[in-house]
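> Pasting upload00.cif here (mmCIF, C-alpha atoms):
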data_final
#
loop_
_atom_site.label_atom_id
_atom_site.label_comp_id
_atom_site.auth_asym_id
_atom_site.auth_seq_id
_atom_site.Cartn_x
_atom_site.Cartn_y
_atom_site.Cartn_z
CA MET P 5 -22.58 7.36 16.65
CA ASP P 6 -23.02 3.68 15.92
CA ARG P 7 -20.58 1.70 18.01
CA THR P 8 -20.69 -1.53 15.99
CA VAL P 9 -19.46 -2.66 12.61
CA ARG P 10 -21.70 -5.19 10.87
CA GLY P 11 -23.16 -6.28 14.15
CA ARG P 12 -19.97 -6.67 16.13
CA PRO P 13 -18.59 -4.26 18.72
CA ARG P 14 -15.52 -2.22 17.87
CA ASP P 15 -12.55 -1.78 20.13
CA PRO P 16 -11.90 1.98 20.41
CA VAL P 17 -8.49 1.27 21.95
CA ILE P 18 -7.29 -0.31 18.70
CA ASP P 19 -8.69 2.55 16.63
CA PHE P 20 -7.06 5.18 18.83
CA ALA P 21 -3.72 3.32 18.90
CA ARG P 22 -3.66 3.15 15.10
CA PHE P 23 -4.49 6.86 14.87
CA PHE P 24 -1.71 7.64 17.37
CA CYS P 25 0.78 5.64 15.29
CA LEU P 26 -0.26 7.45 12.12
CA VAL P 27 0.19 10.86 13.74
CA LEU P 28 3.67 9.94 14.99
CA VAL P 29 4.71 8.70 11.55
CA VAL P 30 3.67 11.96 9.89
CA LEU P 31 5.37 14.03 12.62
CA SER P 32 8.61 12.05 12.42
CA HIS P 33 8.79 12.32 8.64
CA CYS P 34 8.39 16.09 8.90
CA MET P 35 11.50 16.04 11.09
CA MET P 36 13.47 13.70 8.83
CA VAL P 37 13.14 14.98 5.25
CA SER P 38 15.68 17.70 4.44
CA PRO P 39 16.71 18.11 0.77
CA VAL P 40 19.83 20.19 0.16
CA LEU P 41 20.82 22.16 -2.94
CA HIS P 42 24.63 22.34 -3.10
CA PRO P 43 26.60 25.20 -4.71
CA ASP P 44 27.58 22.94 -7.64
CA GLY P 45 23.89 22.37 -8.42
CA THR P 46 23.63 18.83 -7.09
CA VAL P 47 20.72 17.85 -4.89
CA THR P 48 20.92 15.46 -1.96
CA THR P 49 18.60 14.59 0.87
CA GLU P 50 19.50 14.36 4.54
CA ASN P 51 17.78 12.44 7.28
CA THR P 52 18.09 15.02 10.03
CA LEU P 53 17.12 12.71 12.86
CA MET P 54 19.87 10.28 11.88
CA ASP P 55 22.43 13.02 12.58
CA GLN P 56 21.02 13.93 16.01
CA ARG P 57 22.68 11.61 18.53
CA TRP P 58 20.51 12.98 21.35
CA PHE P 59 17.46 11.69 19.50
CA GLU P 60 18.52 8.03 19.55
CA PRO P 61 17.09 7.36 23.05
CA VAL P 62 13.89 9.19 22.06
CA LEU P 63 13.49 6.81 19.11
CA TRP P 64 13.13 3.91 21.57
CA VAL P 65 9.79 5.48 22.43
CA PHE P 66 8.78 7.02 19.11
CA GLN P 67 9.76 4.18 16.77
CA ILE P 68 6.21 2.84 16.71
CA MET P 69 6.32 0.87 13.46
CA PRO P 70 6.21 -2.45 15.37
CA LEU P 71 2.93 -1.37 16.98
CA PHE P 72 1.34 -1.16 13.52
CA PHE P 73 2.01 -4.87 13.09
CA VAL P 74 0.78 -5.71 16.60
CA LEU P 75 -2.49 -3.96 15.76
CA GLY P 76 -2.55 -5.68 12.39
CA GLY P 77 -2.28 -9.03 14.17
CA ILE P 78 -5.20 -8.23 16.45
CA THR P 79 -7.53 -7.11 13.67
CA GLY P 80 -6.24 -9.52 11.04
CA LEU P 81 -6.86 -12.59 13.18
CA GLY P 82 -10.37 -11.41 14.01
CA SER P 83 -11.14 -10.66 10.36
CA TRP P 84 -9.89 -14.05 9.23
CA ARG P 85 -11.92 -15.92 11.83
CA ARG P 86 -15.09 -14.01 10.96
CA LEU P 87 -14.60 -14.62 7.25
CA ARG P 88 -13.91 -18.30 7.82
CA GLY P 89 -17.02 -18.54 10.01
CA ARG P 90 -19.08 -17.23 7.07
CA GLY P 91 -17.68 -19.89 4.79
CA GLY P 92 -14.82 -17.86 3.32
CA THR P 93 -11.43 -19.26 2.38
CA GLY P 94 -7.84 -18.08 2.44
CA VAL P 95 -8.25 -16.99 -1.18
CA ASP P 96 -11.21 -14.80 -0.21
CA TYR P 97 -9.17 -13.29 2.62
CA ALA P 98 -6.23 -12.55 0.33
CA GLN P 99 -8.56 -10.98 -2.23
CA LEU P 100 -10.08 -8.68 0.37
CA ARG P 101 -6.75 -7.68 1.86
CA LEU P 102 -5.04 -7.04 -1.46
CA LEU P 103 -7.92 -4.99 -2.82
CA ARG P 104 -8.19 -2.87 0.28
CA LEU P 105 -4.51 -1.99 0.39
CA ILE P 106 -3.49 -1.67 -3.25
CA ARG P 107 -6.36 0.43 -4.60
CA PRO P 108 -5.17 3.58 -2.75
CA ALA P 109 -1.58 2.78 -3.73
CA THR P 110 -2.55 2.51 -7.41
CA ALA P 111 -3.84 6.09 -7.38
CA LEU P 112 -0.62 7.32 -5.73
CA LEU P 113 1.72 5.62 -8.20
CA ALA P 114 -0.30 6.72 -11.22
CA ALA P 115 -0.52 10.33 -10.02
CA MET P 116 3.20 10.47 -9.26
CA PHE P 117 4.14 8.97 -12.62
CA LEU P 118 2.01 11.48 -14.51
CA GLY P 119 3.08 14.42 -12.36
CA LEU P 120 6.80 13.66 -12.48
CA SER P 121 6.68 12.90 -16.21
CA ALA P 122 5.08 16.30 -16.80
CA ALA P 123 7.73 17.94 -14.57
CA ARG P 124 10.51 16.26 -16.51
CA LEU P 125 9.08 17.38 -19.85
CA SER P 126 8.78 20.93 -18.50
CA GLY P 127 12.49 21.03 -17.70
CA VAL P 128 12.62 20.36 -13.94
CA ASP P 129 16.06 19.18 -12.83
CA PRO P 130 16.21 15.35 -13.06
CA GLN P 131 17.84 15.26 -9.62
CA VAL P 132 14.79 16.91 -8.08
CA ILE P 133 12.53 14.43 -9.88
CA GLN P 134 14.60 11.51 -8.60
CA LEU P 135 14.53 12.98 -5.09
CA ILE P 136 10.75 13.05 -5.15
CA ALA P 137 10.54 9.54 -6.60
CA THR P 138 12.86 8.21 -3.90
CA GLY P 139 10.74 9.80 -1.21
CA ALA P 140 7.64 8.15 -2.64
CA GLY P 141 9.30 4.76 -2.36
CA MET P 142 9.62 4.91 1.42
CA PRO P 143 5.92 4.19 2.18
CA LEU P 144 5.98 1.26 -0.24
CA TRP P 145 8.26 -0.84 1.95
CA PHE P 146 5.61 -0.71 4.68
CA LEU P 147 2.90 -1.62 2.20
CA ALA P 148 4.95 -4.60 1.01
CA ALA P 149 5.74 -5.77 4.54
CA TYR P 150 2.19 -5.23 5.80
CA LEU P 151 0.71 -7.04 2.80
CA ALA P 152 3.09 -9.98 3.26
CA THR P 153 2.27 -10.36 6.95
CA GLN P 154 -1.47 -9.95 6.40
CA LEU P 155 -1.51 -12.53 3.61
CA SER P 156 0.22 -14.95 5.98
CA VAL P 157 -2.58 -14.63 8.57
CA PRO P 158 -4.59 -17.73 7.49
CA LEU P 159 -1.51 -19.97 7.69
CA LEU P 160 -0.11 -18.44 10.89
CA ALA P 161 -3.56 -18.48 12.50
CA ARG P 162 -3.80 -22.21 11.87
CA LEU P 163 -0.36 -22.79 13.37
CA HIS P 164 -1.20 -20.46 16.26
CA ALA P 165 -4.37 -22.42 17.02
CA ARG P 166 -2.38 -25.66 17.21
CA SER P 167 0.66 -24.42 19.13
CA PRO P 168 0.93 -20.68 19.74
CA TRP P 169 4.20 -20.70 21.67
CA LEU P 170 5.92 -23.09 19.26
CA THR P 171 4.83 -20.94 16.31
CA LEU P 172 6.17 -17.79 17.95
CA GLY P 173 9.36 -19.59 18.95
CA GLY P 174 9.94 -20.79 15.39
CA LEU P 175 9.56 -17.27 14.01
CA VAL P 176 11.88 -15.78 16.64
CA THR P 177 14.45 -18.47 15.88
CA ALA P 178 14.24 -17.56 12.18
CA VAL P 179 14.81 -13.89 13.06
CA ILE P 180 17.90 -14.64 15.12
CA THR P 181 19.25 -17.03 12.48
CA VAL P 182 18.94 -14.43 9.72
CA ASP P 183 20.57 -11.80 11.93
CA SER P 184 23.45 -14.16 12.64
CA LEU P 185 24.07 -14.81 8.95
CA ARG P 186 23.45 -11.35 7.54
CA GLY P 187 27.08 -10.30 8.08
CA ALA P 188 28.38 -13.07 5.82
CA PHE P 189 25.38 -13.03 3.48
CA PRO P 190 23.91 -9.49 3.46
CA VAL P 191 21.18 -10.43 1.00
CA LEU P 192 19.60 -12.64 3.68
CA ALA P 193 18.80 -9.57 5.80
CA SER P 194 15.74 -8.89 3.65
CA LEU P 195 14.16 -12.15 4.84
CA ASN P 196 13.56 -10.49 8.18
CA MET P 197 11.09 -8.17 6.47
CA LEU P 198 8.87 -11.24 6.75
CA PHE P 199 10.15 -13.05 9.85
CA VAL P 200 10.40 -9.99 12.12
CA TRP P 201 7.01 -8.54 11.26
CA CYS P 202 5.27 -11.93 11.35
CA SER P 203 6.76 -12.45 14.83
CA VAL P 204 5.49 -9.05 15.97
CA GLN P 205 2.12 -9.79 14.37
CA GLN P 206 1.92 -12.91 16.55
CA PHE P 207 1.93 -10.66 19.63
CA GLY P 208 -1.31 -9.27 18.26
CA PHE P 209 -2.63 -12.83 17.97
CA PHE P 210 -1.87 -13.36 21.67
CA ILE P 211 -3.73 -10.17 22.59
CA ALA P 212 -6.70 -11.11 20.38
CA ASP P 213 -6.89 -14.52 22.06
CA GLY P 214 -6.94 -12.95 25.51
CA ILE P 215 -3.71 -14.62 26.62
CA PHE P 216 -2.64 -11.33 28.19
CA ALA P 217 -6.04 -10.73 29.78
CA GLY P 218 -6.14 -10.71 33.55
CA ARG P 219 -2.43 -10.06 33.96
CA SER P 220 -1.45 -7.61 36.67
CA ARG P 221 -0.01 -4.19 35.98
CA GLY P 222 3.24 -5.36 37.57
CA TRP P 223 3.43 -8.23 35.08
CA PHE P 224 3.18 -5.84 32.15
CA VAL P 225 5.70 -3.45 33.71
CA GLY P 226 8.08 -6.37 34.14
CA LEU P 227 7.62 -7.44 30.52
CA ILE P 228 8.24 -3.89 29.30
CA ALA P 229 11.30 -3.48 31.51
CA GLY P 230 12.70 -6.88 30.55
CA SER P 231 12.37 -6.34 26.82
CA ASN P 232 13.98 -2.90 27.06
CA VAL P 233 16.82 -4.16 29.27
CA LEU P 234 17.54 -6.86 26.69
CA LEU P 235 17.32 -4.23 23.96
CA GLY P 236 19.80 -2.08 25.86
CA LEU P 237 22.11 -5.07 26.28
CA VAL P 238 22.25 -6.10 22.61
CA THR P 239 22.72 -2.50 21.47
CA GLY P 240 25.11 -1.61 24.27
CA ILE P 241 27.57 -4.39 23.44
CA GLY P 242 27.44 -3.47 19.77
CA VAL P 243 25.53 -6.44 18.38
CA TYR P 244 22.96 -4.02 16.98
CA SER P 245 22.85 -0.27 16.44
CA GLY P 246 21.29 1.87 19.14
CA ASN P 247 19.55 3.90 16.42
CA MET P 248 16.10 2.42 15.85
CA ILE P 249 15.91 3.90 12.35
CA VAL P 250 19.00 1.90 11.39
CA ASP P 251 17.48 -1.21 12.97
CA LEU P 252 14.31 -0.71 10.92
CA ASN P 253 15.90 -1.02 7.47
CA PRO P 254 15.88 -3.97 7.20
CA PRO P 255 14.27 -4.93 10.51
CA ASN P 256 16.15 -7.05 13.01
CA PHE P 257 15.79 -8.51 16.50
CA CYS P 258 15.56 -5.00 17.99
CA MET P 259 12.22 -4.43 16.24
CA LEU P 260 10.94 -7.67 17.74
CA LEU P 261 11.89 -6.52 21.23
CA LEU P 262 10.28 -3.13 20.61
CA GLY P 263 7.15 -4.89 19.37
CA LEU P 264 6.96 -6.94 22.56
CA SER P 265 7.42 -3.84 24.70
CA GLN P 266 4.77 -1.93 22.75
CA ALA P 267 2.29 -4.79 22.87
CA ALA P 268 2.68 -4.92 26.66
CA THR P 269 2.43 -1.12 26.89
CA LEU P 270 -0.81 -1.21 24.90
CA GLN P 271 -2.30 -3.64 27.41
CA LEU P 272 -0.92 -1.76 30.40
CA LEU P 273 -2.41 1.54 29.25
CA ARG P 274 -5.64 0.04 27.90
CA PRO P 275 -7.92 1.47 30.65
CA GLY P 276 -6.60 5.01 30.17
CA ILE P 277 -6.64 4.75 26.37
CA SER P 278 -10.20 3.43 26.49
CA TRP P 279 -11.32 6.44 28.53
CA LEU P 280 -9.56 8.88 26.19
CA ALA P 281 -10.78 7.14 23.03
CA ASN P 282 -14.40 7.52 24.19
CA VAL P 283 -14.19 11.30 24.62
CA ARG P 284 -16.61 12.69 22.04
CA TRP P 285 -14.22 14.97 20.11
CA VAL P 286 -11.46 12.37 20.17
CA ARG P 287 -13.84 9.79 18.71
CA TRP P 288 -14.72 12.23 15.94
CA VAL P 289 -11.09 12.94 15.05
CA VAL P 290 -10.22 9.23 15.08
CA ALA P 291 -13.25 8.48 12.92
CA VAL P 292 -12.32 11.08 10.30
CA ALA P 293 -8.67 9.99 10.11
CA GLY P 294 -9.49 6.29 10.41
CA ARG P 295 -11.64 6.20 7.31
CA ARG P 296 -8.74 7.57 5.25
CA SER P 297 -5.77 6.13 7.14
CA MET P 298 -4.13 4.36 4.20
CA THR P 299 -4.48 7.41 1.96
CA ILE P 300 -2.88 9.60 4.64
CA TYR P 301 -0.02 7.17 5.12
CA LEU P 302 0.72 6.68 1.42
CA TRP P 303 0.43 10.31 0.33
CA HIS P 304 1.90 12.36 3.18
CA LEU P 305 5.56 11.59 2.49
CA PRO P 306 5.44 12.05 -1.32
CA LEU P 307 3.67 15.37 -0.77
CA LEU P 308 6.26 16.39 1.82
CA VAL P 309 9.18 15.44 -0.42
CA ALA P 310 7.60 17.11 -3.47
CA MET P 311 7.00 20.30 -1.52
CA SER P 312 10.55 20.28 -0.13
CA GLY P 313 12.07 19.52 -3.53
CA LEU P 314 10.14 22.24 -5.32
CA LEU P 315 11.08 24.77 -2.64
CA LEU P 316 14.70 24.23 -3.69
CA LEU P 317 13.82 25.87 -7.00
CA THR P 318 12.52 29.03 -5.29
CA PRO P 319 14.21 31.81 -3.26
CA PHE P 320 12.14 30.76 -0.23
CA PRO P 321 14.34 30.72 2.94
CA LYS P 322 15.81 27.28 3.57
CA PRO P 323 17.59 27.06 6.94
CA ALA P 324 20.25 24.37 7.29
CA ALA P 325 19.03 21.07 8.70
CA GLY P 326 19.26 20.80 12.46
CA THR P 327 19.61 24.53 13.09
CA ALA P 328 17.23 26.47 15.32
CA GLY P 329 15.54 28.00 12.27
CA TRP P 330 15.02 24.56 10.78
CA TRP P 331 13.36 23.25 13.95
CA TRP P 332 11.14 26.33 14.25
CA ALA P 333 9.98 25.71 10.69
CA ARG P 334 8.75 22.17 11.46
CA PRO P 335 5.24 23.26 12.59
CA LEU P 336 4.84 25.19 9.34
CA VAL P 337 5.98 22.16 7.36
CA LEU P 338 3.47 19.96 9.19
CA LEU P 339 0.69 22.47 8.54
CA ALA P 340 1.59 22.63 4.86
CA VAL P 341 1.47 18.83 4.56
CA VAL P 342 -1.96 18.74 6.22
CA VAL P 343 -3.24 21.42 3.82
CA LEU P 344 -1.88 19.49 0.82
CA LEU P 345 -3.50 16.29 2.10
CA VAL P 346 -7.02 17.76 2.16
CA PRO P 347 -7.66 17.76 -1.61
CA VAL P 348 -5.97 14.38 -1.93
CA LEU P 349 -8.30 12.91 0.69
CA LEU P 350 -11.31 14.39 -1.08
CA LEU P 351 -10.23 13.00 -4.46
CA CYS P 352 -8.72 9.63 -3.52
CA GLY P 353 -10.02 8.82 -0.04
CA ARG P 354 -13.07 6.95 -1.30
CA LEU P 355 -10.81 4.31 -2.84
CA GLU P 356 -10.53 2.85 0.68
CA GLU P 357 -14.26 2.30 1.02
CA ARG P 358 -15.34 -0.23 -1.57
CA PRO P 359 -13.57 -2.51 -4.03
CA THR P 360 -14.98 -2.75 -7.54
CA ALA P 361 -16.06 -6.12 -8.86
CA ALA P 362 -16.77 -7.09 -12.44
CA VAL P 363 -19.73 -9.38 -11.83
CA HIS P 364 -19.75 -10.49 -15.46
CA ALA P 365 -16.17 -11.82 -15.32
CA ARG P 366 -15.29 -15.48 -15.47
CA GLY P 367 -12.25 -17.33 -14.16
CA ARG P 368 -10.90 -19.18 -11.17
CA ALA P 369 -10.53 -17.08 -8.03
CA HIS P 370 -7.28 -18.57 -6.78
CA ALA P 371 -5.51 -18.04 -10.12
CA ALA P 372 -6.56 -14.37 -10.23
CA VAL P 373 -5.52 -13.74 -6.63
CA VAL P 374 -2.14 -15.46 -6.97
CA THR P 375 -1.42 -13.63 -10.23
CA ALA P 376 -2.43 -10.31 -8.67
CA GLY P 377 -0.18 -10.95 -5.69
CA VAL P 378 2.82 -11.68 -7.90
CA VAL P 379 2.11 -8.66 -10.10
CA VAL P 380 1.92 -6.39 -7.05
CA PHE P 381 5.06 -7.63 -5.30
CA ILE P 382 7.35 -7.47 -8.36
CA PRO P 383 7.59 -3.63 -8.47
CA MET P 384 7.66 -3.35 -4.67
CA VAL P 385 10.58 -5.77 -4.38
CA ASP P 386 12.36 -4.00 -7.24
CA ALA P 387 11.89 -0.65 -5.48
CA ALA P 388 13.16 -2.09 -2.19
CA PHE P 389 16.41 -3.35 -3.75
CA ASN P 390 17.07 -0.80 -6.47
CA GLY P 391 15.16 2.33 -5.43
CA LEU P 392 12.13 3.89 -7.03
CA THR P 393 12.63 5.54 -10.41
CA LEU P 394 10.30 7.28 -12.82
CA THR P 395 10.28 4.20 -15.03
CA LEU P 396 9.44 1.95 -12.11
CA LEU P 397 6.66 4.32 -11.07
CA GLY P 398 5.05 3.86 -14.48
CA GLY P 399 5.52 0.10 -14.45
CA GLY P 400 4.37 -0.14 -10.86
CA SER P 401 1.19 1.81 -11.46
CA ALA P 402 0.39 -0.44 -14.43
CA CYS P 403 1.04 -3.57 -12.33
CA PHE P 404 -1.13 -2.31 -9.49
CA ALA P 405 -3.95 -1.37 -11.88
CA LEU P 406 -3.78 -4.83 -13.44
CA ALA P 407 -3.92 -6.41 -9.98
CA VAL P 408 -7.01 -4.37 -9.08
CA LEU P 409 -8.72 -5.57 -12.26
CA LEU P 410 -7.78 -9.17 -11.53
CA LEU P 411 -8.95 -8.98 -7.93
CA GLY P 412 -12.22 -7.31 -8.94
CA ARG P 413 -13.27 -10.46 -10.77
CA VAL P 414 -16.12 -12.41 -9.20
CA PRO P 415 -15.79 -15.83 -10.87
CA ALA P 416 -18.69 -18.16 -11.31
CA ASP P 417 -16.97 -20.78 -9.14
CA GLY P 418 -15.50 -18.26 -6.71
CA PRO P 419 -16.31 -17.35 -3.11
CA SER P 420 -19.36 -18.58 -1.33
CA PRO P 421 -22.41 -16.27 -1.39
CA VAL P 422 -21.73 -15.23 2.19
CA ALA P 423 -18.05 -14.49 1.58
CA ARG P 424 -18.90 -12.76 -1.70
CA GLY P 425 -21.36 -10.56 0.16
CA ALA P 426 -18.55 -9.55 2.49
CA LEU P 427 -16.43 -8.66 -0.54
CA GLU P 428 -19.11 -6.55 -2.16
CA GLY P 429 -20.20 -4.71 0.98
CA PRO P 430 -18.82 -1.39 2.22
CA LEU P 431 -15.23 -1.61 3.42
CA PRO P 432 -15.90 -0.71 6.18
CA GLU P 433 -19.07 1.09 7.23
CA GLN P 434 -18.67 4.70 8.32
CA GLY P 435 -17.28 4.64 11.82
CA LEU P 436 -14.21 4.49 13.95
CA ARG P 437 -12.46 1.47 12.49
CA ALA P 438 -9.48 2.26 10.37
CA ASN P 439 -9.39 0.82 6.89
CA LEU P 440 -6.36 -1.41 7.31
CA ASP P 441 -8.66 -3.98 8.84
CA SER P 442 -12.24 -5.11 8.54
#
Just give me the structure of the file as structure tokens.

Amino acid sequence: MDRTVRGRPRDPVIDFARFFCLVLVVLSHCMMVSPVLHPDGTVTTENTLMDQRWFEPVLWVFQIMPLFFVLGGITGLGSWRRLRGRGGTGVDYAQLRLLRLIRPATALLAAMFLGLSAARLSGVDPQVIQLIATGAGMPLWFLAAYLATQLSVPLLARLHARSPWLTLGGLVTAVITVDSLRGAFPVLASLNMLFVWCSVQQFGFFIADGIFAGRSRGWFVGLIAGSNVLLGLVTGIGVYSGNMIVDLNPPNFCMLLLGLSQAATLQLLRPGISWLANVRWVRWVVAVAGRRSMTIYLWHLPLLVAMSGLLLLTPFPKPAAGTAGWWWARPLVLLAVVVLLVPVLLLCGRLEERPTAAVHARGRAHAAVVTAGVVVFIPMVDAAFNGLTLTLLGGGSACFALAVLLLGRVPADGPSPVARGALEGPLPEQGLRANLDS
């Protein structure tokens, strides 16, 4: 198998780490979603893991969302520098990133809107429809946060090049400031969707620049231990919750500490991960999942919630959440989600490979990109604050489709020929690299 992408070597450690994170996310969601049909006919959903106090310490290890942003920092900084070296601009970078991430999401929103509309017309209980819609909204917060941090890469990379520690310190200060004020002004807590994940992304910048290279194993162990001791301190005295799911929505200082610990762990385990990632069958599995990583992430939870919600309408056995029968059913639930994902990957997976471009279009690139960005974030912000509804699904799918059309424009005065070639080429070539980066 070719071990390069467009002439540059790939890092199998990054590919394997991203695959590992994706697997853990799917597994954890299979243990979280638990819709309940009550005797009075009402439908609610329970987050089973939130009710398992014994699982809180386990979440310190398995809450790997910060690692996604560390990896995004590593690959994002490299992508931006390569694009800039070919004559590309921040507008080109934003166009590439937006296209790559929102095309798969457009298919999801459109399919859900059509499917749920048909279910509503056929007489399915509106509560079940709302349950499924709410479940679909959960992956969108990650898409919004990841898009925001990735679009900030050109600016943060410039600040990082001038003063990396001052840039990181400013972001950490912003995180702590927002956390300090969120009690009096709860609306400010949402700002840490940007400050926390940009801070964690900076750890990826440090890794990409080799600042951690050459450090001893003891140094990394000390960094991991120190960040977790501080995490234990701030949660132990009650400043933050000890439940890392609570600390994720919206993110706070705990996610920053976890991100630091996970970045150090990635470097500490790099030799072992490198060996494992180069095992032939592991490389094949990572390659298959990596080429469809965004599709897997976006679709697995809506499929899980839809399956769980529809089962409520059948006499199929439904053990109570948290019971032995419920836990024994988790492998079957996981298998069912994988089976449901297969046709989705066949139908929608190719949307991750290549953006479409209307070569005959005219217009200014920066205006199209800015407009597309605004159009995309409006429904995602609405969903984050007010929840995802059937109406918002329809509006969101229309907004995303409009953004794809805007971003597909190749204006006469747009990117340089070199940068335009990068836009029109395969995204990426067949191989190990996951499609959240280039």
> Out of P:Leu270, P:Leu147, P:Leu260, P:Ala372, which residue has the shortest atom-to-atom distance to P:Phe216 when counting only C-alpha atoms?
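Nearest candidate to P:Phe216 out of P:Leu270, P:Leu147, P:Leu260, P:Ala372: P:Leu270.
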> Considering all atoms listed in the file, return as a PDB file with C-alpha atoms, in the coordinates of the input whatever protein or nucleic-acid residues lie within 10 Å of P:Gly399, sequence-local ones (same chain, fewer than 6 positions apart) excluded.

ATOM      1  CA  LEU P 113       1.720   5.620  -8.200  1.00  0.00           C
ATOM      2  CA  ALA P 114      -0.300   6.720 -11.220  1.00  0.00           C
ATOM      3  CA  PHE P 117       4.140   8.970 -12.620  1.00  0.00           C
ATOM      4  CA  ILE P 382       7.350  -7.470  -8.360  1.00  0.00           C
ATOM      5  CA  PRO P 383       7.590  -3.630  -8.470  1.00  0.00           C
ATOM      6  CA  THR P 393      12.630   5.540 -10.410  1.00  0.00           C
ATOM      7  CA  ALA P 405      -3.950  -1.370 -11.880  1.00  0.00           C
TER       8      ALA P 405
END
> Which is closest to P:Asp251 among P:Val337, P:Val289, P:Leu102, P:Met197, if we use all atoms listed in the file?
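Of all the options, P:Met197 lies closest to P:Asp251.
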> Give me the result of the PyMOL selection byres ((chain P and resi 133) around 9) on this file, residue by residue, as a ChimeraX atom specification.
/P:120-121,123-124,128-132,134-138,310,313,393-394
> Would you put the residues from that selection into a file with C-alpha atoms, as a JSON list (two decimals), in the coordinates of the input?

[["chain", "number", "residue", "atom", "x", "y", "z"],
["P", 120, "LEU", "CA", 6.80, 13.66, -12.48],
["P", 121, "SER", "CA", 6.68, 12.90, -16.21],
["P", 123, "ALA", "CA", 7.73, 17.94, -14.57],
["P", 124, "ARG", "CA", 10.51, 16.26, -16.51],
["P", 128, "VAL", "CA", 12.62, 20.36, -13.94],
["P", 129, "ASP", "CA", 16.06, 19.18, -12.83],
["P", 130, "PRO", "CA", 16.21, 15.35, -13.06],
["P", 131, "GLN", "CA", 17.84, 15.26, -9.62],
["P", 132, "VAL", "CA", 14.79, 16.91, -8.08],
["P", 134, "GLN", "CA", 14.60, 11.51, -8.60],
["P", 135, "LEU", "CA", 14.53, 12.98, -5.09],
["P", 136, "ILE", "CA", 10.75, 13.05, -5.15],
["P", 137, "ALA", "CA", 10.54, 9.54, -6.60],
["P", 138, "THR", "CA", 12.86, 8.21, -3.90],
["P", 310, "ALA", "CA", 7.60, 17.11, -3.47],
["P", 313, "GLY", "CA", 12.07, 19.52, -3.53],
["P", 393, "THR", "CA", 12.63, 5.54, -10.41],
["P", 394, "LEU", "CA", 10.30, 7.28, -12.82]]
> Could you tell me which residues the PyMOL selection byres ((chain P and resi 344) around 12) returns for this structure, as a list in words?
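Matching residues under the PyMOL selection byres ((chain P and resi 344) around 12) are Ile300, Trp303, His304, Leu305, Pro306, Leu307, Leu308, Val309, Ala310, Met311, Val337, Leu338, Leu339, Ala340, Val341, Val342, Val343, Leu345, Val346, Pro347, Val348, Leu349, Leu350 and Leu351 of chain P.
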> If you measure from atom CA of P:Ala324 to atom CA of P:Ile249, what distance in Å do you get, rounded to one decimal?
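Interatomic distance, atom CA of P:Ala324 to atom CA of P:Ile249: 21.5 Å.
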> Can you pull out the residues contacting P:Glu60? Cut-off 7 Å, using all atoms listed in the file, and skip same-chain residues under 2 positions away; I want them as a PyMOL selection string.
chain P and resi 57-58+62-63+246-247
> Quick one: distance from atom CA of P:Ala281 to atom CA of P:Tyr301 in Å, one decimal?
20.9 Å
> I need the residue nearest P:Phe73 from this list: P:Met248, P:Val243, P:Cys202, P:Ala217. Use all atoms listed in the file for the distance.
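Ranking P:Met248, P:Val243, P:Cys202, P:Ala217 by distance to P:Phe73, first place goes to P:Cys202.
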> In Å, with one decimal, what is the gap from atom CA of P:Ala267 to atom CA of P:Met69?
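So the two atoms, atom CA of P:Ala267 and atom CA of P:Met69, lie 11.7 Å apart.
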